[in-house]
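entry.tsv (TSV, C-alpha atoms)
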chain	number	residue	atom	x	y	z
S	1	MET	CA	13.35	104.18	168.12
S	2	PRO	CA	16.60	102.27	168.62
S	3	ASP	CA	19.85	104.15	168.12
S	4	TYR	CA	22.06	102.22	165.61
S	5	PRO	CA	25.78	102.91	165.42
S	6	GLN	CA	26.88	105.12	162.52
S	7	SER	CA	29.14	102.39	161.13
S	8	GLN	CA	26.27	99.89	161.01
S	9	LEU	CA	24.05	102.38	159.20
S	10	GLN	CA	26.78	103.10	156.67
S	11	LYS	CA	27.36	99.38	156.15
S	12	SER	CA	23.65	98.77	155.57
S	13	LYS	CA	23.52	101.68	153.16
S	14	ASN	CA	26.48	100.33	151.17
S	15	THR	CA	24.93	96.85	151.05
S	16	TYR	CA	21.65	98.33	149.82
S	17	SER	CA	23.47	100.35	147.15
S	18	ARG	CA	25.34	97.26	145.90
S	19	LYS	CA	22.10	95.29	145.67
S	20	ASN	CA	20.47	98.11	143.71
S	21	ALA	CA	23.46	98.25	141.39
S	22	ARG	CA	23.28	94.49	140.74
S	23	ILE	CA	19.55	94.68	140.08
S	24	PHE	CA	20.10	97.66	137.78
S	25	ASN	CA	22.88	95.91	135.82
S	26	ARG	CA	21.06	92.59	135.48
S	27	SER	CA	17.76	94.09	134.36
S	28	LEU	CA	19.51	96.28	131.81
S	29	ILE	CA	21.67	93.48	130.39
S	30	ARG	CA	18.61	91.22	130.19
S	31	GLU	CA	16.73	93.83	128.18
S	32	PHE	CA	19.77	94.41	125.96
S	33	ALA	CA	19.94	90.67	125.24
S	34	VAL	CA	16.25	90.30	124.43
S	35	THR	CA	16.25	93.32	122.11
S	36	GLY	CA	19.55	92.25	120.53
S	37	MET	CA	18.30	88.74	119.74
S	38	LEU	CA	15.16	90.17	118.18
S	39	VAL	CA	17.05	92.68	116.04
S	40	SER	CA	19.75	90.19	114.99
S	41	SER	CA	17.18	87.55	114.02
S	42	ILE	CA	15.35	90.08	111.83
S	43	LEU	CA	18.55	91.33	110.18
S	44	LEU	CA	19.87	87.81	109.68
S	45	GLY	CA	16.56	86.70	108.19
S	46	ILE	CA	16.59	89.60	105.72
S	47	MET	CA	20.18	88.89	104.77
S	48	VAL	CA	19.60	85.15	104.30
S	49	PHE	CA	16.46	85.76	102.25
S	50	THR	CA	18.29	88.27	100.02
S	51	GLN	CA	21.21	85.90	99.43
S	52	LEU	CA	18.83	83.01	98.78
S	53	ILE	CA	16.98	84.98	96.10
S	54	ARG	CA	20.27	85.96	94.43
S	55	LEU	CA	21.67	82.43	94.45
S	56	LEU	CA	18.40	80.93	93.22
S	57	GLY	CA	18.50	83.40	90.34
S	58	GLU	CA	22.02	82.22	89.47
S	59	SER	CA	20.84	78.62	89.73
S	60	VAL	CA	17.92	79.21	87.37
S	61	SER	CA	20.21	80.88	84.83
S	62	GLY	CA	22.60	77.92	84.97
S	63	LEU	CA	25.49	79.72	86.67
S	64	LEU	CA	25.17	77.68	89.85
S	65	ALA	CA	24.12	74.13	90.63
S	66	VAL	CA	20.90	73.71	92.59
S	67	GLU	CA	22.55	71.53	95.24
S	68	GLY	CA	25.07	74.28	96.00
S	69	VAL	CA	22.53	76.96	96.91
S	70	MET	CA	21.97	76.12	100.58
S	71	ALA	CA	25.67	75.52	101.28
S	72	LEU	CA	26.62	78.88	99.77
S	73	VAL	CA	23.83	80.58	101.74
S	74	GLY	CA	25.37	79.19	104.94
S	75	PHE	CA	28.90	80.29	104.02
S	76	THR	CA	27.69	83.75	102.97
S	77	SER	CA	25.69	84.19	106.17
S	78	LEU	CA	28.74	83.38	108.26
S	79	ASN	CA	30.78	85.87	106.23
S	80	TYR	CA	28.31	88.71	106.86
S	81	LEU	CA	27.61	87.80	110.49
S	82	PRO	CA	30.16	90.31	111.97
S	83	ILE	CA	28.26	93.21	110.38
S	84	VAL	CA	24.90	91.80	111.51
S	85	LEU	CA	26.11	91.44	115.10
S	86	SER	CA	27.65	94.91	115.10
S	87	VAL	CA	24.43	96.54	113.90
S	88	SER	CA	22.33	94.45	116.30
S	89	LEU	CA	24.53	95.44	119.25
S	90	TYR	CA	24.32	99.11	118.35
S	91	LEU	CA	20.56	99.13	117.82
S	92	SER	CA	19.74	97.00	120.88
S	93	ILE	CA	21.51	99.42	123.23
S	94	LEU	CA	20.09	102.46	121.46
S	95	MET	CA	16.50	101.18	121.43
S	96	THR	CA	16.60	100.04	125.05
S	97	LEU	CA	17.94	103.32	126.41
S	98	SER	CA	15.63	105.36	124.17
S	99	ARG	CA	12.66	103.44	125.58
S	100	SER	CA	13.85	104.31	129.08
S	101	TYR	CA	13.82	108.00	128.14
S	102	ARG	CA	10.37	107.79	126.54
S	103	ASP	CA	8.88	105.93	129.53
S	104	SER	CA	10.49	108.39	131.98
S	105	GLU	CA	12.55	105.62	133.58
S	106	MET	CA	15.67	107.71	133.09
S	107	VAL	CA	14.23	110.41	135.33
S	108	VAL	CA	13.82	107.85	138.10
S	109	TRP	CA	17.37	106.52	137.67
S	110	PHE	CA	18.86	110.03	137.59
S	111	SER	CA	16.87	111.03	140.68
S	112	SER	CA	18.17	107.97	142.57
S	113	GLY	CA	21.77	109.03	141.93
S	114	ILE	CA	22.57	106.91	138.86
S	115	GLY	CA	24.12	109.36	136.42
S	116	LEU	CA	24.80	108.94	132.72
S	117	THR	CA	28.31	107.55	133.26
S	118	ARG	CA	26.90	104.73	135.41
S	119	TRP	CA	25.32	103.28	132.28
S	120	ILE	CA	28.77	102.56	130.84
S	121	ARG	CA	29.36	99.54	133.07
S	122	PRO	CA	26.22	97.52	132.17
S	123	VAL	CA	26.55	98.53	128.51
S	124	MET	CA	30.17	97.35	128.41
S	125	GLY	CA	29.22	94.21	130.34
S	126	PHE	CA	26.85	93.33	127.52
S	127	THR	CA	29.08	94.66	124.72
S	128	ILE	CA	32.45	93.05	125.46
S	129	PRO	CA	31.31	89.39	125.02
S	130	VAL	CA	29.57	90.30	121.75
S	131	VAL	CA	32.67	92.17	120.56
S	132	CYS	CA	34.78	89.08	121.33
S	133	VAL	CA	32.44	87.02	119.14
S	134	ILE	CA	32.69	89.64	116.37
S	135	ALA	CA	36.50	89.52	116.63
S	136	LEU	CA	36.46	85.72	116.39
S	137	LEU	CA	34.23	85.88	113.33
S	138	SER	CA	36.23	88.67	111.71
S	139	PHE	CA	39.69	87.16	112.24
S	140	VAL	CA	38.97	83.43	111.92
S	141	LEU	CA	35.51	82.24	110.90
S	142	ALA	CA	34.59	84.76	108.18
S	143	PRO	CA	37.83	84.16	106.16
S	144	TRP	CA	37.33	80.41	106.60
S	145	ALA	CA	33.74	80.67	105.31
S	146	LYS	CA	34.88	82.77	102.33
S	147	MET	CA	37.58	80.21	101.47
S	148	LYS	CA	35.15	77.30	101.76
S	149	ALA	CA	32.63	79.11	99.55
S	150	GLU	CA	35.26	79.63	96.84
S	151	ASP	CA	36.40	75.99	97.06
S	152	PHE	CA	32.80	74.81	96.83
S	153	LYS	CA	32.20	76.96	93.74
S	154	LYS	CA	35.33	75.51	92.11
S	155	GLN	CA	34.11	71.99	92.78
S	156	LEU	CA	30.77	72.79	91.18
S	157	ASP	CA	32.44	74.42	88.17
S	158	THR	CA	34.77	71.46	87.53
S	159	ARG	CA	32.04	68.82	87.32
S	160	ASP	CA	31.49	67.06	84.01
S	161	ASP	CA	28.34	67.40	81.91
S	162	VAL	CA	26.55	64.35	83.31
S	163	ALA	CA	27.31	65.31	86.91
S	164	MET	CA	25.85	68.75	86.23
S	165	ALA	CA	22.73	67.32	84.63
S	166	ALA	CA	19.49	67.74	86.53
S	167	PRO	CA	16.47	65.63	85.50
S	168	GLY	CA	13.96	67.62	83.49
S	169	VAL	CA	16.27	70.60	82.84
S	170	PHE	CA	18.04	71.65	79.64
S	171	ARG	CA	21.75	72.20	80.34
S	172	GLU	CA	24.64	73.49	78.26
S	173	SER	CA	27.98	71.67	78.31
S	174	ASN	CA	31.10	73.24	79.76
S	175	LEU	CA	32.53	73.79	76.28
S	176	ALA	CA	29.27	75.44	75.10
S	177	ASP	CA	29.09	73.10	72.07
S	178	ARG	CA	26.30	70.83	73.28
S	179	VAL	CA	22.84	71.13	74.85
S	180	PHE	CA	21.40	68.08	76.53
S	181	PHE	CA	18.28	67.01	78.36
S	182	LEU	CA	17.80	63.97	80.59
S	183	GLU	CA	14.34	63.12	81.83
S	184	ASN	CA	15.50	60.67	84.49
S	185	VAL	CA	18.88	59.77	86.04
S	186	ASP	CA	19.35	56.49	87.93
S	187	THR	CA	22.70	56.78	89.69
S	188	LYS	CA	22.48	53.34	91.31
S	189	ASN	CA	22.12	51.45	88.03
S	190	ASN	CA	24.19	54.01	86.07
S	191	ARG	CA	21.31	54.56	83.66
S	192	VAL	CA	19.58	57.57	82.08
S	193	SER	CA	16.32	57.66	80.14
S	194	ASN	CA	14.65	59.85	77.49
S	195	ILE	CA	17.79	61.63	76.30
S	196	PHE	CA	17.96	64.67	74.03
S	197	VAL	CA	21.34	65.95	72.76
S	198	GLN	CA	21.91	68.78	70.31
S	199	SER	CA	25.51	69.37	69.20
S	200	VAL	CA	27.64	70.89	66.47
S	201	GLN	CA	30.21	68.64	64.76
S	202	ASN	CA	32.22	69.60	61.68
S	203	SER	CA	30.16	72.79	61.32
S	204	LYS	CA	26.99	70.70	61.11
S	205	GLU	CA	24.19	70.83	63.64
S	206	GLY	CA	22.87	67.48	64.80
S	207	THR	CA	20.15	66.34	67.16
S	208	MET	CA	19.96	62.96	68.84
S	209	VAL	CA	17.14	61.40	70.83
S	210	ALA	CA	17.11	58.04	72.60
S	211	LYS	CA	14.85	56.18	74.97
S	212	GLU	CA	17.65	55.17	77.31
S	213	GLY	CA	21.38	55.27	77.83
S	214	LEU	CA	24.20	54.45	80.20
S	215	GLN	CA	27.60	55.69	81.31
S	216	GLU	CA	30.82	53.87	80.41
S	217	THR	CA	34.48	54.42	81.22
S	218	ALA	CA	37.14	53.45	78.68
S	219	ALA	CA	40.48	51.85	79.52
S	220	ASN	CA	42.29	55.20	79.19
S	221	GLY	CA	39.92	56.80	81.67
S	222	ASP	CA	37.72	58.67	79.20
S	223	ARG	CA	34.04	58.68	80.09
S	224	PHE	CA	31.19	58.26	77.61
S	225	ILE	CA	27.44	58.44	77.71
S	226	VAL	CA	26.10	55.69	75.45
S	227	LEU	CA	22.73	56.27	73.74
S	228	LEU	CA	20.77	53.10	72.98
S	229	ASN	CA	18.15	52.61	70.25
S	230	GLY	CA	17.90	56.22	69.18
S	231	THR	CA	17.76	58.50	66.15
S	232	ARG	CA	20.15	61.20	64.90
S	233	TYR	CA	18.97	64.14	62.79
S	234	GLU	CA	21.77	66.01	61.02
S	235	GLY	CA	21.59	69.13	58.85
S	236	VAL	CA	18.80	71.53	58.02
S	237	PRO	CA	15.36	70.04	57.19
S	238	GLY	CA	14.45	70.54	53.52
S	239	GLN	CA	18.00	70.55	52.18
S	240	ASN	CA	19.65	67.76	50.21
S	241	ASP	CA	22.24	66.94	52.88
S	242	TYR	CA	19.65	66.44	55.63
S	243	LYS	CA	20.06	62.98	57.18
S	244	ILE	CA	18.04	60.81	59.53
S	245	VAL	CA	20.00	57.91	60.98
S	246	GLU	CA	18.68	55.31	63.39
S	247	PHE	CA	21.24	53.63	65.63
S	248	GLU	CA	21.39	50.93	68.24
S	249	ARG	CA	24.41	52.36	70.06
S	250	TYR	CA	25.94	55.84	69.91
S	251	SER	CA	28.73	57.00	72.24
S	252	VAL	CA	29.16	60.66	73.20
S	253	ARG	CA	32.37	61.58	75.01
S	254	ILE	CA	31.94	63.41	78.32
S	255	GLU	CA	34.33	66.33	78.31
S	256	ALA	CA	36.04	66.93	81.65
S	257	ALA	CA	35.85	70.50	82.83
S	258	GLU	CA	39.12	72.41	82.95
S	259	ILE	CA	40.29	73.73	86.29
S	260	LYS	CA	40.57	77.49	85.93
S	261	ASP	CA	43.31	79.36	87.75
S	262	THR	CA	41.54	82.08	89.70
S	263	GLN	CA	43.17	84.74	91.81
S	264	LEU	CA	42.65	84.14	95.51
S	265	ASP	CA	40.46	86.75	97.18
S	266	ARG	CA	42.11	88.58	100.07
S	267	LYS	CA	38.98	88.11	102.15
S	268	SER	CA	39.60	84.35	102.12
S	269	LEU	CA	43.18	84.65	103.39
S	270	THR	CA	43.81	83.84	107.03
S	271	THR	CA	44.98	86.59	109.36
S	272	PHE	CA	48.37	84.89	109.65
S	273	GLN	CA	48.76	84.96	105.85
S	274	LEU	CA	47.93	88.66	105.80
S	275	LEU	CA	50.59	89.35	108.45
S	276	ARG	CA	53.16	87.16	106.68
S	277	ASP	CA	52.72	89.02	103.36
S	278	PRO	CA	52.21	92.71	104.31
S	279	THR	CA	51.31	94.11	100.89
S	280	ALA	CA	49.10	97.18	100.61
S	281	GLY	CA	46.02	95.12	99.80
S	282	ASN	CA	46.65	92.65	102.62
S	283	LEU	CA	47.20	95.46	105.13
S	284	ALA	CA	43.93	97.04	103.99
S	285	GLU	CA	42.07	93.77	104.60
S	286	LEU	CA	43.79	93.43	107.99
S	287	SER	CA	42.74	96.96	108.97
S	288	TRP	CA	39.13	96.13	108.08
S	289	ARG	CA	39.21	93.01	110.27
S	290	ILE	CA	40.65	94.99	113.17
S	291	GLY	CA	38.13	97.77	112.61
S	292	SER	CA	35.09	95.48	112.78
S	293	PRO	CA	35.22	94.69	116.54
S	294	LEU	CA	36.69	98.09	117.35
S	295	SER	CA	33.88	99.95	115.59
S	296	ALA	CA	31.31	97.74	117.34
S	297	LEU	CA	32.79	98.74	120.71
S	298	ILE	CA	32.80	102.45	119.88
S	299	LEU	CA	29.27	102.37	118.48
S	300	ALA	CA	27.99	100.62	121.60
S	301	ALA	CA	29.42	103.42	123.73
S	302	LEU	CA	28.04	106.06	121.35
S	303	ALA	CA	24.55	104.61	121.79
S	304	ILE	CA	24.49	105.90	125.41
S	305	PRO	CA	24.49	109.66	124.63
S	306	LEU	CA	22.65	109.11	121.32
S	307	SER	CA	19.73	107.47	123.12
S	308	PHE	CA	18.60	110.78	124.64
S	309	VAL	CA	15.07	111.54	123.43
S	310	ASN	CA	14.01	115.16	123.11
S	311	PRO	CA	10.19	115.36	122.99
S	312	ARG	CA	10.38	118.60	120.98
S	313	SER	CA	12.41	116.92	118.21
S	314	GLY	CA	10.26	113.81	117.91
S	315	ARG	CA	10.66	110.33	119.28
S	316	SER	CA	12.50	108.93	116.27
S	317	TYR	CA	14.88	111.84	115.73
S	318	ASN	CA	17.72	110.27	117.73
S	319	LEU	CA	17.25	106.98	115.87
S	320	MET	CA	17.63	108.71	112.50
S	321	VAL	CA	20.76	110.50	113.72
S	322	ALA	CA	22.17	107.19	114.98
S	323	VAL	CA	21.53	105.44	111.65
S	324	VAL	CA	23.16	108.28	109.68
S	325	LEU	CA	26.14	108.23	112.04
S	326	PHE	CA	26.53	104.47	111.57
S	327	MET	CA	26.41	104.81	107.77
S	328	VAL	CA	29.01	107.59	107.81
S	329	TYR	CA	31.25	105.58	110.13
S	330	ASN	CA	31.00	102.42	108.02
S	331	ASN	CA	31.52	104.27	104.73
S	332	MET	CA	34.55	106.13	106.05
S	333	MET	CA	36.06	102.82	107.13
S	334	GLY	CA	35.52	101.56	103.58
S	335	VAL	CA	37.10	104.68	102.09
S	336	THR	CA	40.21	104.52	104.27
S	337	THR	CA	40.53	100.79	103.55
S	338	THR	CA	40.42	101.52	99.81
S	339	TRP	CA	42.98	104.31	100.13
S	340	LEU	CA	45.23	102.01	102.16
S	341	ALA	CA	44.96	99.29	99.48
S	342	GLN	CA	45.84	101.85	96.79
S	343	GLY	CA	48.85	103.09	98.78
S	344	LYS	CA	47.51	106.65	99.17
S	345	ILE	CA	47.80	106.60	102.96
S	346	GLY	CA	49.94	104.75	105.48
S	347	LEU	CA	48.97	101.89	107.76
S	348	MET	CA	48.63	103.92	110.97
S	349	LEU	CA	46.51	106.59	109.33
S	350	GLY	CA	44.31	104.06	107.56
S	351	LEU	CA	43.91	101.91	110.65
S	352	TRP	CA	43.26	104.50	113.36
S	353	SER	CA	42.14	107.80	111.80
S	354	VAL	CA	38.41	107.09	111.55
S	355	HIS	CA	38.25	105.37	114.95
S	356	ILE	CA	40.06	108.24	116.67
S	357	VAL	CA	37.63	110.75	115.15
S	358	MET	CA	34.69	108.68	116.41
S	359	MET	CA	36.23	108.40	119.88
S	360	ILE	CA	36.63	112.19	119.99
S	361	LEU	CA	32.98	112.52	118.96
S	362	LEU	CA	32.07	110.05	121.72
S	363	VAL	CA	33.83	112.16	124.38
S	364	LEU	CA	32.19	115.37	123.09
S	365	MET	CA	28.72	113.83	123.14
S	366	PHE	CA	29.18	112.56	126.69
S	367	TYR	CA	30.45	115.99	127.73
S	368	LYS	CA	27.45	117.68	126.15
S	369	ARG	CA	24.93	115.36	127.83
S	370	LEU	CA	26.64	115.64	131.22
S	371	THR	CA	26.80	119.43	130.91
S	372	VAL	CA	23.09	119.64	130.11
S	373	PHE	CA	22.21	117.47	133.11
S	374	SER	CA	24.45	119.54	135.39
S	375	TRP	CA	22.82	122.83	134.31
S	376	ARG	CA	19.36	121.32	134.84
S	377	ARG	CA	20.30	120.37	138.40
S	378	LEU	CA	21.61	123.88	139.09
S	379	ILE	CA	18.43	125.46	137.72
S	380	LYS	CA	16.32	123.18	139.90

Show the structure stored in the file as structure tokens.
Amino acid sequence: MPDYPQSQLQKSKNTYSRKNARIFNRSLIREFAVTGMLVSSILLGIMVFTQLIRLLGESVSGLLAVEGVMALVGFTSLNYLPIVLSVSLYLSILMTLSRSYRDSEMVVWFSSGIGLTRWIRPVMGFTIPVVCVIALLSFVLAPWAKMKAEDFKKQLDTRDDVAMAAPGVFRESNLADRVFFLENVDTKNNRVSNIFVQSVQNSKEGTMVAKEGLQETAANGDRFIVLLNGTRYEGVPGQNDYKIVEFERYSVRIEAAEIKDTQLDRKSLTTFQLLRDPTAGNLAELSWRIGSPLSALILAALAIPLSFVNPRSGRSYNLMVAVVLFMVYNNMMGVTTTWLAQGKIGLMLGLWSVHIVMMILLVLMFYKRLTVFSWRRLIK
């Protein structure tokens, strides 16, 4: 057997260790990514489906135009995407490492000299890019989506009666004094057909029907829908003042919707606007935006010790503990944000208190897991 120099053997050993480390990191990150995409797609699908059902319900009740449903679903999805990515990151790491425990892969890694702390590097290698995306969404894209959603709703609310009309649907006017029905709307020829209008004028209820009509604009800019060759029924049938009038041309003024002054939501303000006007409410919103990527980073690190599976406690015990811990963490962030907005606590306490507690918990859980592994090695 040839006698190799000690330096050459050590160099070969180091090269072999680096190759193993690269293989270990790549395989782990690949599994994190596959699991994360699966979890995020499921969560995003549930969220989109829930929002779609809610917005369709508002559309059916007349609170929202049909053509605005899909746009608002997109804006809402972008607004909730930081939470979806944070949960997906947390669960993907937790599920992947838990599977390694259940399949006894962890025993192999620990036996080959890869301790629990060695998992921090591949986990952070997968986590940091996702956290950067969450920060971009939280600070820039989510407020932009919220602002666009509010602007889109205002545009839908300020449309006139004819613009809001949908063929085959009874609609109420913006002033709630008229109900109308249009069977067909021809926007190219500016024509409508089979019109039904019920209105109240001078405390008298009247109903008009016409085969066709058109839209006209007066010299002063007022818009009218003109009913052609129709009939007007006024009053209560059976009483002496009940009238039936046939007409060749009847003009109904289209009332323009008033632009309502609504208070701007803090969630739609840009981060620069929050910093420029440091009120209690703005600081609370700023602390929430800072806390979103920070909590995602801490939760990703917490998933390493939480992934330990104890066969005596059941395979899903650690998953239930992880879900409860996430809910507590998220709710405490909401509580401190509310207290900060109400002025009950200061900025530093509201911004860092919950995260510091979770970081202390992270250190204690790592210490506990490392202590258990050390005692097991001594016993062996």

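CA of Ala303 in chain S to CA of Leu94 in chain S spans 5.0 Å [interatomic distance, one decimal].
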
>> Could you list, as a list of chain:residue names, every residue within 9 Å of range 123-132 of chain S, counting only C-alpha atoms and ignoring same-chain residues fewer than 6 positions away?
In response: S:Asn25, S:Leu28, S:Ile29, S:Arg30, S:Phe32, S:Ala33, S:Leu85, S:Ser86, S:Leu89, S:Ile93, S:Ser292, S:Pro293, S:Leu294, S:Ala296, S:Leu297, S:Ala300, S:Ala301, S:Ile304

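Minimum distance to Thr279 in chain S across S:Leu38, S:Met365, S:Ile134, S:Leu340 (counting only C-alpha atoms) occurs at S:Leu340.
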
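Shortest atom-to-atom contact with Asp222 in chain S among S:Glu246, S:Ser251, S:Gly235, S:Gly350: S:Ser251, counting all atoms listed in the file.
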
> In file coordinates, which residues lie within 9 Å of (24.2, 109.6, 118.1) using all atoms listed in the file, given as a list in words?
Replying inline: Leu94, Leu299, Leu302, Ala303, Ile304, Pro305, Leu306, Ser307, Phe308, Asn318, Leu319, Met320, Val321, Ala322, Val323, Val324, Leu325, Phe326, Leu362 and Met365 of chain S

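The shortest atom-to-atom distance to Ala284 in chain S, with all atoms listed in the file taken into account, belongs to S:Leu351 out of S:Leu370, S:Met327, S:Ala71, S:Leu351.
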
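With CA of Thr50 in chain S on one side and CA of Tyr80 in chain S on the other, the separation reads 12.1 Å.
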
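Residues within 10 Å of Met333 in chain S, counting only C-alpha atoms and excluding same-chain residues fewer than 2 positions away, are Ser287, Trp288, Gly291, Ser292, Ser295, Met327, Val328, Tyr329, Asn330, Asn331, Val335, Thr336, Thr337, Thr338, Trp339, Gly350, Leu351, Trp352, Ser353, Val354 and His355 of chain S.
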